[in-house]
Amino acid sequence: MPAGLLSGIRVLDLGSGISAPWCAKILADYGAEVIKVEPPGSGDAARRMGPFAGDDPDPEKSLTFLYLNTNKKGVTLDPSSATGRKLLGRLLADADVVVENNAPAQAIKLGLDYLSLSADHPHLVVTSITPFGQTGPYRDFQATDIVTYAMSGLMYHSGDSDKEPLRNVLDQSFYVAGANAAAATQVALFARLNNGEGQHVDVSAAECLGAHLVQ
């Protein structure tokens, strides 16, 4: 198999659910070495998302999880513990990219925010995907797909004009956010070729969908 565009790039997938794992999967498909980091015990939230193979709700049989995490290696650690933090530090030393989708306050609490990570690893590109971005009055709000879809304004175009708005199928806002995050991450890596410095890629799911609005 020929080398991919991102061969030689190491990515730590510290996300859960859809947006961050989808971003990291795209990077993996372009040839990056992606290490999926899950918390012990519970694992990624996507493991509890259906559909399940054989209609058996087992964390090892979630088709959503399996789809989002192909081409990745895996490890479990708890970044809130001393041992987990030490292990994470060893992974960060050789990483080029961190992808995460924690709420900003939670990222700070775990030491996974850009300021904390870049203090010891200034070369890192840290990609953070949240419903409403890292700044503004909604920065700490959590949201399901239907909320980000509605808040983006895109739901205004769905359904019949004389009826209530409709949400499109699947968690589109999180997939769109992940795809945008993957593209922006590659731009940040390209910039690092010129200046040798990492940067923070701030991705808002609602803003990504809002960019799809057309007249």
# chains A, B, ... in the order shown; residues from 1 in each chain; ligands from 1
call {"tool": "select_by_dssp", "arguments": {"residues": "segment 30-86 of chain A", "states": "helix (DSSP H, G or I)", "output": "count of residues only"}}
result
18
call {"tool": "residues_around", "arguments": {"residues": "segment 103-117 of chain A", "least_positions_apart": "5", "cutoff": "8 Å", "atoms": "only C-alpha atoms", "output": "compact mmCIF listing (two decimals) with all heavy atoms, in the first residue's frame"}}
result
# COMPACT_ATOMS: atom_id res chain seq x y z
N PRO A 79 -6.89 10.05 32.51
CA PRO A 79 -6.04 11.23 32.63
C PRO A 79 -6.21 11.99 33.94
O PRO A 79 -5.41 12.87 34.25
CB PRO A 79 -6.47 12.09 31.44
CG PRO A 79 -7.85 11.64 31.12
CD PRO A 79 -7.89 10.18 31.44
N SER A 80 -7.23 11.65 34.73
CA SER A 80 -7.43 12.32 36.01
C SER A 80 -6.61 11.68 37.13
O SER A 80 -6.52 12.23 38.22
CB SER A 80 -8.91 12.34 36.40
OG SER A 80 -9.38 11.03 36.65
N PRO A 122 4.85 22.44 22.87
CA PRO A 122 4.47 23.55 22.00
C PRO A 122 4.31 23.18 20.53
O PRO A 122 3.73 23.95 19.76
CB PRO A 122 5.63 24.54 22.18
CG PRO A 122 6.78 23.71 22.65
CD PRO A 122 6.18 22.63 23.49
N LEU A 124 2.44 20.72 19.48
CA LEU A 124 1.18 20.03 19.29
C LEU A 124 0.14 20.87 18.56
O LEU A 124 -0.02 22.07 18.84
CB LEU A 124 0.58 19.62 20.64
CG LEU A 124 1.03 18.31 21.29
CD1 LEU A 124 0.33 18.15 22.63
CD2 LEU A 124 0.73 17.12 20.39
N VAL A 126 -3.67 21.00 18.68
CA VAL A 126 -4.77 20.53 19.53
C VAL A 126 -6.09 20.93 18.88
O VAL A 126 -6.37 22.12 18.73
CB VAL A 126 -4.68 21.11 20.95
CG1 VAL A 126 -5.84 20.61 21.81
CG2 VAL A 126 -3.34 20.74 21.60
N THR A 130 -16.53 21.19 19.93
CA THR A 130 -17.60 21.35 20.91
C THR A 130 -18.86 21.81 20.19
O THR A 130 -18.81 22.24 19.03
CB THR A 130 -17.22 22.38 21.98
OG1 THR A 130 -16.88 23.62 21.34
CG2 THR A 130 -16.03 21.91 22.81
N GLN A 134 -15.14 27.46 21.79
CA GLN A 134 -14.40 27.68 23.04
C GLN A 134 -14.69 29.04 23.68
O GLN A 134 -14.30 29.28 24.81
CB GLN A 134 -12.90 27.59 22.76
CG GLN A 134 -12.44 26.23 22.26
CD GLN A 134 -12.53 25.16 23.31
OE1 GLN A 134 -12.03 25.32 24.42
NE2 GLN A 134 -13.16 24.04 22.97
N ARG A 139 -20.37 28.62 25.41
CA ARG A 139 -19.18 27.77 25.35
C ARG A 139 -19.27 26.52 26.24
O ARG A 139 -18.76 25.46 25.88
CB ARG A 139 -17.92 28.56 25.71
CG ARG A 139 -17.83 28.97 27.16
CD ARG A 139 -16.62 29.87 27.44
NE ARG A 139 -15.35 29.17 27.24
CZ ARG A 139 -14.71 28.53 28.22
NH1 ARG A 139 -15.24 28.48 29.43
NH2 ARG A 139 -13.57 27.94 27.98
N ASP A 140 -19.93 26.63 27.39
CA ASP A 140 -20.00 25.52 28.32
C ASP A 140 -21.29 24.72 28.20
O ASP A 140 -21.52 23.78 28.97
CB ASP A 140 -19.84 26.01 29.76
CG ASP A 140 -18.44 26.53 30.04
OD1 ASP A 140 -17.48 25.83 29.68
OD2 ASP A 140 -18.31 27.63 30.60
N PHE A 141 -22.13 25.09 27.23
CA PHE A 141 -23.39 24.35 27.05
C PHE A 141 -23.11 23.04 26.32
O PHE A 141 -22.38 23.01 25.33
CB PHE A 141 -24.38 25.17 26.23
CG PHE A 141 -24.99 26.33 26.97
CD1 PHE A 141 -24.57 26.69 28.24
CD2 PHE A 141 -26.00 27.08 26.38
CE1 PHE A 141 -25.13 27.76 28.91
CE2 PHE A 141 -26.56 28.16 27.03
CZ PHE A 141 -26.13 28.49 28.30
N GLN A 142 -23.71 21.97 26.81
CA GLN A 142 -23.68 20.71 26.09
C GLN A 142 -24.92 20.62 25.21
O GLN A 142 -25.92 21.30 25.46
CB GLN A 142 -23.60 19.54 27.06
CG GLN A 142 -22.35 19.55 27.92
CD GLN A 142 -22.19 18.30 28.73
OE1 GLN A 142 -22.42 17.20 28.25
NE2 GLN A 142 -21.79 18.46 29.99
N HIS A 200 -4.05 25.89 18.28
CA HIS A 200 -5.34 25.39 18.74
C HIS A 200 -6.36 25.52 17.62
O HIS A 200 -6.61 26.62 17.12
CB HIS A 200 -5.81 26.17 19.97
CG HIS A 200 -6.95 25.53 20.68
ND1 HIS A 200 -7.70 26.19 21.63
CD2 HIS A 200 -7.46 24.27 20.61
CE1 HIS A 200 -8.62 25.37 22.11
NE2 HIS A 200 -8.50 24.20 21.51
call {"tool": "residues_around", "arguments": {"residues": "segment 56-71 of chain A", "least_positions_apart": "6", "cutoff": "7 Å", "atoms": "only C-alpha atoms", "output": "ChimeraX atom specification"}}
result
/A:21-22,25,28-29,46-50
call {"tool": "write_last_selection", "arguments": {"atoms": "all heavy atoms", "output": "PDB file, in the first residue's frame"}}
result
ATOM      1  N   PRO A  21     -13.900  11.325  17.306  1.00  0.00           N
ATOM      2  CA  PRO A  21     -13.499  10.071  16.679  1.00  0.00           C
ATOM      3  C   PRO A  21     -13.633  10.094  15.151  1.00  0.00           C
ATOM      4  O   PRO A  21     -12.813   9.497  14.448  1.00  0.00           O
ATOM      5  CB  PRO A  21     -14.449   9.047  17.312  1.00  0.00           C
ATOM      6  CG  PRO A  21     -14.727   9.600  18.673  1.00  0.00           C
ATOM      7  CD  PRO A  21     -14.835  11.092  18.436  1.00  0.00           C
ATOM      8  N   TRP A  22     -14.645  10.770  14.638  1.00  0.00           N
ATOM      9  CA  TRP A  22     -14.801  10.873  13.180  1.00  0.00           C
ATOM     10  C   TRP A  22     -13.659  11.680  12.571  1.00  0.00           C
ATOM     11  O   TRP A  22     -13.091  11.319  11.534  1.00  0.00           O
ATOM     12  CB  TRP A  22     -16.148  11.489  12.846  1.00  0.00           C
ATOM     13  CG  TRP A  22     -16.423  11.754  11.394  1.00  0.00           C
ATOM     14  CD1 TRP A  22     -16.797  12.949  10.855  1.00  0.00           C
ATOM     15  CD2 TRP A  22     -16.389  10.823  10.308  1.00  0.00           C
ATOM     16  NE1 TRP A  22     -16.991  12.829   9.497  1.00  0.00           N
ATOM     17  CE2 TRP A  22     -16.739  11.518   9.128  1.00  0.00           C
ATOM     18  CE3 TRP A  22     -16.085   9.471  10.212  1.00  0.00           C
ATOM     19  CZ2 TRP A  22     -16.796  10.922   7.882  1.00  0.00           C
ATOM     20  CZ3 TRP A  22     -16.141   8.859   8.952  1.00  0.00           C
ATOM     21  CH2 TRP A  22     -16.488   9.582   7.811  1.00  0.00           C
ATOM     22  N   LYS A  25     -10.638   9.467  12.636  1.00  0.00           N
ATOM     23  CA  LYS A  25     -10.743   8.392  11.636  1.00  0.00           C
ATOM     24  C   LYS A  25     -10.344   8.906  10.257  1.00  0.00           C
ATOM     25  O   LYS A  25      -9.657   8.214   9.487  1.00  0.00           O
ATOM     26  CB  LYS A  25     -12.161   7.835  11.597  1.00  0.00           C
ATOM     27  CG  LYS A  25     -12.390   6.857  10.428  1.00  0.00           C
ATOM     28  CD  LYS A  25     -13.813   6.389  10.337  1.00  0.00           C
ATOM     29  CE  LYS A  25     -14.140   5.788   8.982  1.00  0.00           C
ATOM     30  NZ  LYS A  25     -13.230   4.711   8.556  1.00  0.00           N
ATOM     31  N   ALA A  28      -6.717   9.090  10.146  1.00  0.00           N
ATOM     32  CA  ALA A  28      -6.169   7.742  10.026  1.00  0.00           C
ATOM     33  C   ALA A  28      -6.270   7.246   8.589  1.00  0.00           C
ATOM     34  O   ALA A  28      -5.342   6.613   8.064  1.00  0.00           O
ATOM     35  CB  ALA A  28      -6.899   6.792  10.974  1.00  0.00           C
ATOM     36  N   ASP A  29      -7.390   7.514   7.944  1.00  0.00           N
ATOM     37  CA  ASP A  29      -7.572   7.084   6.563  1.00  0.00           C
ATOM     38  C   ASP A  29      -6.592   7.770   5.611  1.00  0.00           C
ATOM     39  O   ASP A  29      -6.298   7.240   4.533  1.00  0.00           O
ATOM     40  CB  ASP A  29      -9.012   7.358   6.110  1.00  0.00           C
ATOM     41  CG  ASP A  29     -10.021   6.443   6.797  1.00  0.00           C
ATOM     42  OD1 ASP A  29      -9.590   5.440   7.403  1.00  0.00           O
ATOM     43  OD2 ASP A  29     -11.232   6.732   6.735  1.00  0.00           O
ATOM     44  N   ALA A  46     -19.587   5.951  22.314  1.00  0.00           N
ATOM     45  CA  ALA A  46     -20.104   5.355  21.083  1.00  0.00           C
ATOM     46  C   ALA A  46     -20.298   3.850  21.215  1.00  0.00           C
ATOM     47  O   ALA A  46     -21.064   3.253  20.448  1.00  0.00           O
ATOM     48  CB  ALA A  46     -19.171   5.653  19.914  1.00  0.00           C
ATOM     49  N   ARG A  47     -19.631   3.226  22.167  1.00  0.00           N
ATOM     50  CA  ARG A  47     -19.820   1.783  22.378  1.00  0.00           C
ATOM     51  C   ARG A  47     -21.253   1.460  22.811  1.00  0.00           C
ATOM     52  O   ARG A  47     -21.698   0.315  22.692  1.00  0.00           O
ATOM     53  CB  ARG A  47     -18.843   1.268  23.435  1.00  0.00           C
ATOM     54  CG  ARG A  47     -17.382   1.229  22.979  1.00  0.00           C
ATOM     55  CD  ARG A  47     -16.519   0.600  24.050  1.00  0.00           C
ATOM     56  NE  ARG A  47     -15.121   0.511  23.667  1.00  0.00           N
ATOM     57  CZ  ARG A  47     -14.580  -0.476  22.958  1.00  0.00           C
ATOM     58  NH1 ARG A  47     -15.348  -1.469  22.531  1.00  0.00           N
ATOM     59  NH2 ARG A  47     -13.296  -0.488  22.672  1.00  0.00           N
ATOM     60  N   ARG A  48     -21.958   2.461  23.299  1.00  0.00           N
ATOM     61  CA  ARG A  48     -23.331   2.252  23.732  1.00  0.00           C
ATOM     62  C   ARG A  48     -24.344   2.775  22.720  1.00  0.00           C
ATOM     63  O   ARG A  48     -25.536   2.867  23.009  1.00  0.00           O
ATOM     64  CB  ARG A  48     -23.533   2.922  25.101  1.00  0.00           C
ATOM     65  CG  ARG A  48     -22.680   2.280  26.188  1.00  0.00           C
ATOM     66  CD  ARG A  48     -22.771   2.975  27.524  1.00  0.00           C
ATOM     67  NE  ARG A  48     -22.108   4.280  27.550  1.00  0.00           N
ATOM     68  CZ  ARG A  48     -20.785   4.435  27.646  1.00  0.00           C
ATOM     69  NH1 ARG A  48     -19.991   3.377  27.694  1.00  0.00           N
ATOM     70  NH2 ARG A  48     -20.246   5.636  27.685  1.00  0.00           N
ATOM     71  N   MET A  49     -23.877   3.102  21.532  1.00  0.00           N
ATOM     72  CA  MET A  49     -24.755   3.576  20.465  1.00  0.00           C
ATOM     73  C   MET A  49     -25.060   2.451  19.482  1.00  0.00           C
ATOM     74  O   MET A  49     -24.164   1.735  19.049  1.00  0.00           O
ATOM     75  CB  MET A  49     -24.094   4.732  19.694  1.00  0.00           C
ATOM     76  CG  MET A  49     -23.840   5.979  20.494  1.00  0.00           C
ATOM     77  SD  MET A  49     -23.033   7.247  19.478  1.00  0.00           S
ATOM     78  CE  MET A  49     -22.812   8.551  20.679  1.00  0.00           C
ATOM     79  N   GLY A  50     -26.327   2.297  19.137  1.00  0.00           N
ATOM     80  CA  GLY A  50     -26.710   1.310  18.139  1.00  0.00           C
ATOM     81  C   GLY A  50     -26.488   1.838  16.732  1.00  0.00           C
ATOM     82  O   GLY A  50     -26.081   2.986  16.551  1.00  0.00           O
TER      83      GLY A  50
END
call {"tool": "residues_around", "arguments": {"residues": "Ala206 of chain A", "least_positions_apart": "3", "cutoff": "8 Å", "atoms": "only C-alpha atoms", "output": "number ranges by chain"}}
result
A: 131-132, 148-149, 151-152, 173, 209-210
call {"tool": "atom_distance", "arguments": {"atom1": "atom CA of Ser204 of chain A", "atom2": "atom CA of Ile35 of chain A"}}
result
23.3 Å
call {"tool": "residues_around", "arguments": {"residues": "segment 3-17 of chain A", "least_positions_apart": "5", "cutoff": "9 Å", "atoms": "only C-alpha atoms", "output": "PyMOL selection string"}}
result
chain A and resi 22-25+27-38+43-47+49+65+68+72+91-92+94-102+112+129+174+186
call {"tool": "select_by_dssp", "arguments": {"residues": "segment 64-193 of chain A", "states": "strand (DSSP E)", "output": "list in words"}}
result
Lys72, Lys73, Gly74, Val75, Thr76, Val97, Val98, Val99, Glu100, Val125, Val126, Thr127, Ser128, Ile129 and Thr130 of chain A
call {"tool": "write_last_selection", "arguments": {"atoms": "all heavy atoms", "output": "compact mmCIF listing (two decimals), in the first residue's frame"}}
result
# COMPACT_ATOMS: atom_id res chain seq x y z
N LYS A 72 -7.31 2.48 13.71
CA LYS A 72 -6.74 3.07 14.93
C LYS A 72 -6.17 2.00 15.84
O LYS A 72 -6.63 0.86 15.85
CB LYS A 72 -7.80 3.86 15.71
CG LYS A 72 -8.43 5.02 14.97
CD LYS A 72 -9.48 5.70 15.83
CE LYS A 72 -10.22 6.79 15.07
NZ LYS A 72 -11.28 7.43 15.90
N LYS A 73 -5.16 2.38 16.61
CA LYS A 73 -4.70 1.58 17.72
C LYS A 73 -5.50 2.00 18.95
O LYS A 73 -6.20 3.01 18.92
CB LYS A 73 -3.21 1.78 17.96
CG LYS A 73 -2.33 1.39 16.76
CD LYS A 73 -0.87 1.69 17.02
CE LYS A 73 -0.02 1.29 15.82
NZ LYS A 73 1.43 1.60 16.04
N GLY A 74 -5.40 1.24 20.04
CA GLY A 74 -6.20 1.58 21.21
C GLY A 74 -5.47 1.39 22.51
O GLY A 74 -4.60 0.51 22.64
N VAL A 75 -5.80 2.21 23.50
CA VAL A 75 -5.25 2.10 24.84
C VAL A 75 -6.28 2.68 25.81
O VAL A 75 -7.10 3.53 25.42
CB VAL A 75 -3.91 2.88 24.96
CG1 VAL A 75 -4.13 4.37 24.77
CG2 VAL A 75 -3.21 2.60 26.28
N THR A 76 -6.28 2.20 27.06
CA THR A 76 -7.14 2.78 28.08
C THR A 76 -6.28 3.43 29.14
O THR A 76 -5.24 2.88 29.54
CB THR A 76 -8.03 1.71 28.75
OG1 THR A 76 -7.22 0.71 29.36
CG2 THR A 76 -8.96 1.06 27.74
N VAL A 97 -0.65 15.54 16.99
CA VAL A 97 -2.00 16.07 17.06
C VAL A 97 -2.75 15.45 18.22
O VAL A 97 -2.60 14.25 18.49
CB VAL A 97 -2.78 15.78 15.75
CG1 VAL A 97 -4.22 16.28 15.85
CG2 VAL A 97 -2.09 16.41 14.55
N VAL A 98 -3.55 16.26 18.90
CA VAL A 98 -4.51 15.77 19.88
C VAL A 98 -5.89 16.20 19.42
O VAL A 98 -6.10 17.37 19.08
CB VAL A 98 -4.24 16.34 21.29
CG1 VAL A 98 -5.43 16.05 22.23
CG2 VAL A 98 -2.97 15.76 21.88
N VAL A 99 -6.82 15.25 19.36
CA VAL A 99 -8.20 15.56 19.00
C VAL A 99 -9.07 15.24 20.21
O VAL A 99 -9.00 14.14 20.76
CB VAL A 99 -8.68 14.73 17.78
CG1 VAL A 99 -10.12 15.11 17.43
CG2 VAL A 99 -7.76 14.95 16.59
N GLU A 100 -9.88 16.22 20.65
CA GLU A 100 -10.74 16.00 21.82
C GLU A 100 -12.04 16.76 21.66
O GLU A 100 -12.11 17.73 20.93
CB GLU A 100 -10.01 16.40 23.11
CG GLU A 100 -9.57 17.85 23.19
CD GLU A 100 -10.60 18.75 23.85
OE1 GLU A 100 -11.48 18.23 24.56
OE2 GLU A 100 -10.52 19.98 23.64
N VAL A 125 -0.59 20.22 17.66
CA VAL A 125 -1.82 20.79 17.13
C VAL A 125 -2.95 20.18 17.95
O VAL A 125 -3.13 18.96 17.97
CB VAL A 125 -2.00 20.45 15.64
CG1 VAL A 125 -3.39 20.88 15.16
CG2 VAL A 125 -0.92 21.13 14.81
N VAL A 126 -3.67 21.00 18.68
CA VAL A 126 -4.77 20.53 19.53
C VAL A 126 -6.09 20.93 18.88
O VAL A 126 -6.37 22.12 18.73
CB VAL A 126 -4.68 21.11 20.95
CG1 VAL A 126 -5.84 20.61 21.81
CG2 VAL A 126 -3.34 20.74 21.60
N THR A 127 -6.87 19.94 18.49
CA THR A 127 -8.14 20.18 17.83
C THR A 127 -9.27 19.89 18.82
O THR A 127 -9.43 18.76 19.28
CB THR A 127 -8.29 19.29 16.59
OG1 THR A 127 -7.24 19.59 15.67
CG2 THR A 127 -9.63 19.52 15.90
N SER A 128 -10.04 20.92 19.15
CA SER A 128 -11.14 20.82 20.12
C SER A 128 -12.46 21.02 19.40
O SER A 128 -12.67 22.04 18.74
CB SER A 128 -10.99 21.87 21.22
OG SER A 128 -9.78 21.70 21.92
N ILE A 129 -13.35 20.04 19.52
CA ILE A 129 -14.66 20.10 18.87
C ILE A 129 -15.73 20.15 19.94
O ILE A 129 -15.82 19.26 20.79
CB ILE A 129 -14.88 18.88 17.96
CG1 ILE A 129 -13.69 18.64 17.04
CG2 ILE A 129 -16.16 19.04 17.15
CD1 ILE A 129 -13.75 17.33 16.27
N THR A 130 -16.53 21.19 19.93
CA THR A 130 -17.60 21.35 20.91
C THR A 130 -18.86 21.81 20.19
O THR A 130 -18.81 22.24 19.03
CB THR A 130 -17.22 22.38 21.98
OG1 THR A 130 -16.88 23.62 21.34
CG2 THR A 130 -16.03 21.91 22.81
call {"tool": "closest_residue", "arguments": {"among": "A:Ile146, A:Glu207, A:Ala182, A:Ala188", "to": "Gly133 of chain A", "atoms": "only C-alpha atoms"}}
result
A:Glu207
call {"tool": "decode", "arguments": {"residues": "segment 56-67 of chain A", "atoms": "all heavy atoms", "output": "mmCIF file, in the first residue's frame"}}
result
data_model
loop_
_atom_site.group_PDB
_atom_site.id
_atom_site.type_symbol
_atom_site.label_atom_id
_atom_site.label_comp_id
_atom_site.auth_asym_id
_atom_site.auth_seq_id
_atom_site.Cartn_x
_atom_site.Cartn_y
_atom_site.Cartn_z
ATOM 1 N N ASP A 56 -27.411 -7.320 19.320
ATOM 2 C CA ASP A 56 -26.957 -7.631 20.679
ATOM 3 C C ASP A 56 -26.268 -6.399 21.255
ATOM 4 O O ASP A 56 -25.160 -6.052 20.843
ATOM 5 C CB ASP A 56 -25.987 -8.810 20.633
ATOM 6 C CG ASP A 56 -25.446 -9.189 22.005
ATOM 7 O OD1 ASP A 56 -25.999 -8.722 23.014
ATOM 8 O OD2 ASP A 56 -24.460 -9.961 22.066
ATOM 9 N N PRO A 57 -26.907 -5.687 22.207
ATOM 10 C CA PRO A 57 -26.341 -4.439 22.749
ATOM 11 C C PRO A 57 -25.112 -4.683 23.616
ATOM 12 O O PRO A 57 -25.168 -4.629 24.846
ATOM 13 C CB PRO A 57 -27.499 -3.843 23.549
ATOM 14 C CG PRO A 57 -28.339 -5.017 23.934
ATOM 15 C CD PRO A 57 -28.225 -5.991 22.794
ATOM 16 N N ASP A 58 -24.017 -4.948 22.966
ATOM 17 C CA ASP A 58 -22.748 -5.246 23.635
ATOM 18 C C ASP A 58 -21.745 -4.160 23.254
ATOM 19 O O ASP A 58 -21.713 -3.728 22.089
ATOM 20 C CB ASP A 58 -22.244 -6.623 23.180
ATOM 21 C CG ASP A 58 -20.989 -7.055 23.930
ATOM 22 O OD1 ASP A 58 -19.896 -6.562 23.558
ATOM 23 O OD2 ASP A 58 -21.097 -7.879 24.843
ATOM 24 N N PRO A 59 -20.900 -3.680 24.195
ATOM 25 C CA PRO A 59 -19.945 -2.612 23.880
ATOM 26 C C PRO A 59 -18.940 -2.987 22.783
ATOM 27 O O PRO A 59 -18.328 -2.107 22.188
ATOM 28 C CB PRO A 59 -19.239 -2.333 25.214
ATOM 29 C CG PRO A 59 -19.515 -3.528 26.063
ATOM 30 C CD PRO A 59 -20.842 -4.047 25.625
ATOM 31 N N GLU A 60 -18.768 -4.287 22.532
ATOM 32 C CA GLU A 60 -17.854 -4.720 21.480
ATOM 33 C C GLU A 60 -18.564 -4.878 20.138
ATOM 34 O O GLU A 60 -17.926 -5.213 19.138
ATOM 35 C CB GLU A 60 -17.195 -6.051 21.870
ATOM 36 C CG GLU A 60 -16.330 -5.978 23.116
ATOM 37 C CD GLU A 60 -15.119 -5.097 22.933
ATOM 38 O OE1 GLU A 60 -14.664 -4.930 21.785
ATOM 39 O OE2 GLU A 60 -14.617 -4.555 23.940
ATOM 40 N N LYS A 61 -19.881 -4.644 20.102
ATOM 41 C CA LYS A 61 -20.650 -4.901 18.887
ATOM 42 C C LYS A 61 -21.350 -3.669 18.327
ATOM 43 O O LYS A 61 -22.193 -3.785 17.433
ATOM 44 C CB LYS A 61 -21.677 -6.006 19.150
ATOM 45 C CG LYS A 61 -21.056 -7.349 19.495
ATOM 46 C CD LYS A 61 -22.110 -8.428 19.689
ATOM 47 C CE LYS A 61 -21.472 -9.778 20.025
ATOM 48 N NZ LYS A 61 -22.501 -10.833 20.188
ATOM 49 N N SER A 62 -21.020 -2.496 18.860
ATOM 50 C CA SER A 62 -21.622 -1.269 18.328
ATOM 51 C C SER A 62 -21.063 -0.988 16.944
ATOM 52 O O SER A 62 -19.863 -0.762 16.776
ATOM 53 C CB SER A 62 -21.331 -0.085 19.251
ATOM 54 O OG SER A 62 -21.621 1.136 18.587
ATOM 55 N N LEU A 63 -21.921 -0.995 15.933
ATOM 56 C CA LEU A 63 -21.468 -0.712 14.571
ATOM 57 C C LEU A 63 -21.039 0.742 14.428
ATOM 58 O O LEU A 63 -20.153 1.055 13.635
ATOM 59 C CB LEU A 63 -22.575 -1.052 13.573
ATOM 60 C CG LEU A 63 -23.043 -2.508 13.568
ATOM 61 C CD1 LEU A 63 -24.090 -2.728 12.482
ATOM 62 C CD2 LEU A 63 -21.868 -3.451 13.375
ATOM 63 N N THR A 64 -21.660 1.624 15.205
ATOM 64 C CA THR A 64 -21.249 3.034 15.190
ATOM 65 C C THR A 64 -19.815 3.170 15.677
ATOM 66 O O THR A 64 -18.983 3.822 15.046
ATOM 67 C CB THR A 64 -22.183 3.873 16.076
ATOM 68 O OG1 THR A 64 -23.523 3.785 15.586
ATOM 69 C CG2 THR A 64 -21.741 5.333 16.089
ATOM 70 N N PHE A 65 -19.507 2.540 16.816
ATOM 71 C CA PHE A 65 -18.149 2.600 17.348
ATOM 72 C C PHE A 65 -17.149 1.974 16.380
ATOM 73 O O PHE A 65 -16.074 2.538 16.123
ATOM 74 C CB PHE A 65 -18.080 1.884 18.699
ATOM 75 C CG PHE A 65 -16.675 1.795 19.246
ATOM 76 C CD1 PHE A 65 -16.133 2.860 19.945
ATOM 77 C CD2 PHE A 65 -15.897 0.660 19.048
ATOM 78 C CE1 PHE A 65 -14.835 2.795 20.437
ATOM 79 C CE2 PHE A 65 -14.599 0.588 19.538
ATOM 80 C CZ PHE A 65 -14.062 1.654 20.233
ATOM 81 N N LEU A 66 -17.481 0.814 15.846
ATOM 82 C CA LEU A 66 -16.556 0.128 14.948
ATOM 83 C C LEU A 66 -16.301 0.956 13.690
ATOM 84 O O LEU A 66 -15.167 1.045 13.202
ATOM 85 C CB LEU A 66 -17.121 -1.252 14.585
ATOM 86 C CG LEU A 66 -17.225 -2.251 15.749
ATOM 87 C CD1 LEU A 66 -17.953 -3.514 15.308
ATOM 88 C CD2 LEU A 66 -15.841 -2.590 16.292
ATOM 89 N N TYR A 67 -17.336 1.586 13.173
ATOM 90 C CA TYR A 67 -17.171 2.419 11.971
ATOM 91 C C TYR A 67 -16.285 3.624 12.244
ATOM 92 O O TYR A 67 -15.424 3.980 11.425
ATOM 93 C CB TYR A 67 -18.542 2.877 11.479
ATOM 94 C CG TYR A 67 -18.463 3.890 10.368
ATOM 95 C CD1 TYR A 67 -18.037 3.518 9.094
ATOM 96 C CD2 TYR A 67 -18.799 5.225 10.580
ATOM 97 C CE1 TYR A 67 -17.953 4.438 8.062
ATOM 98 C CE2 TYR A 67 -18.716 6.152 9.561
ATOM 99 C CZ TYR A 67 -18.296 5.750 8.306
ATOM 100 O OH TYR A 67 -18.198 6.668 7.296
#
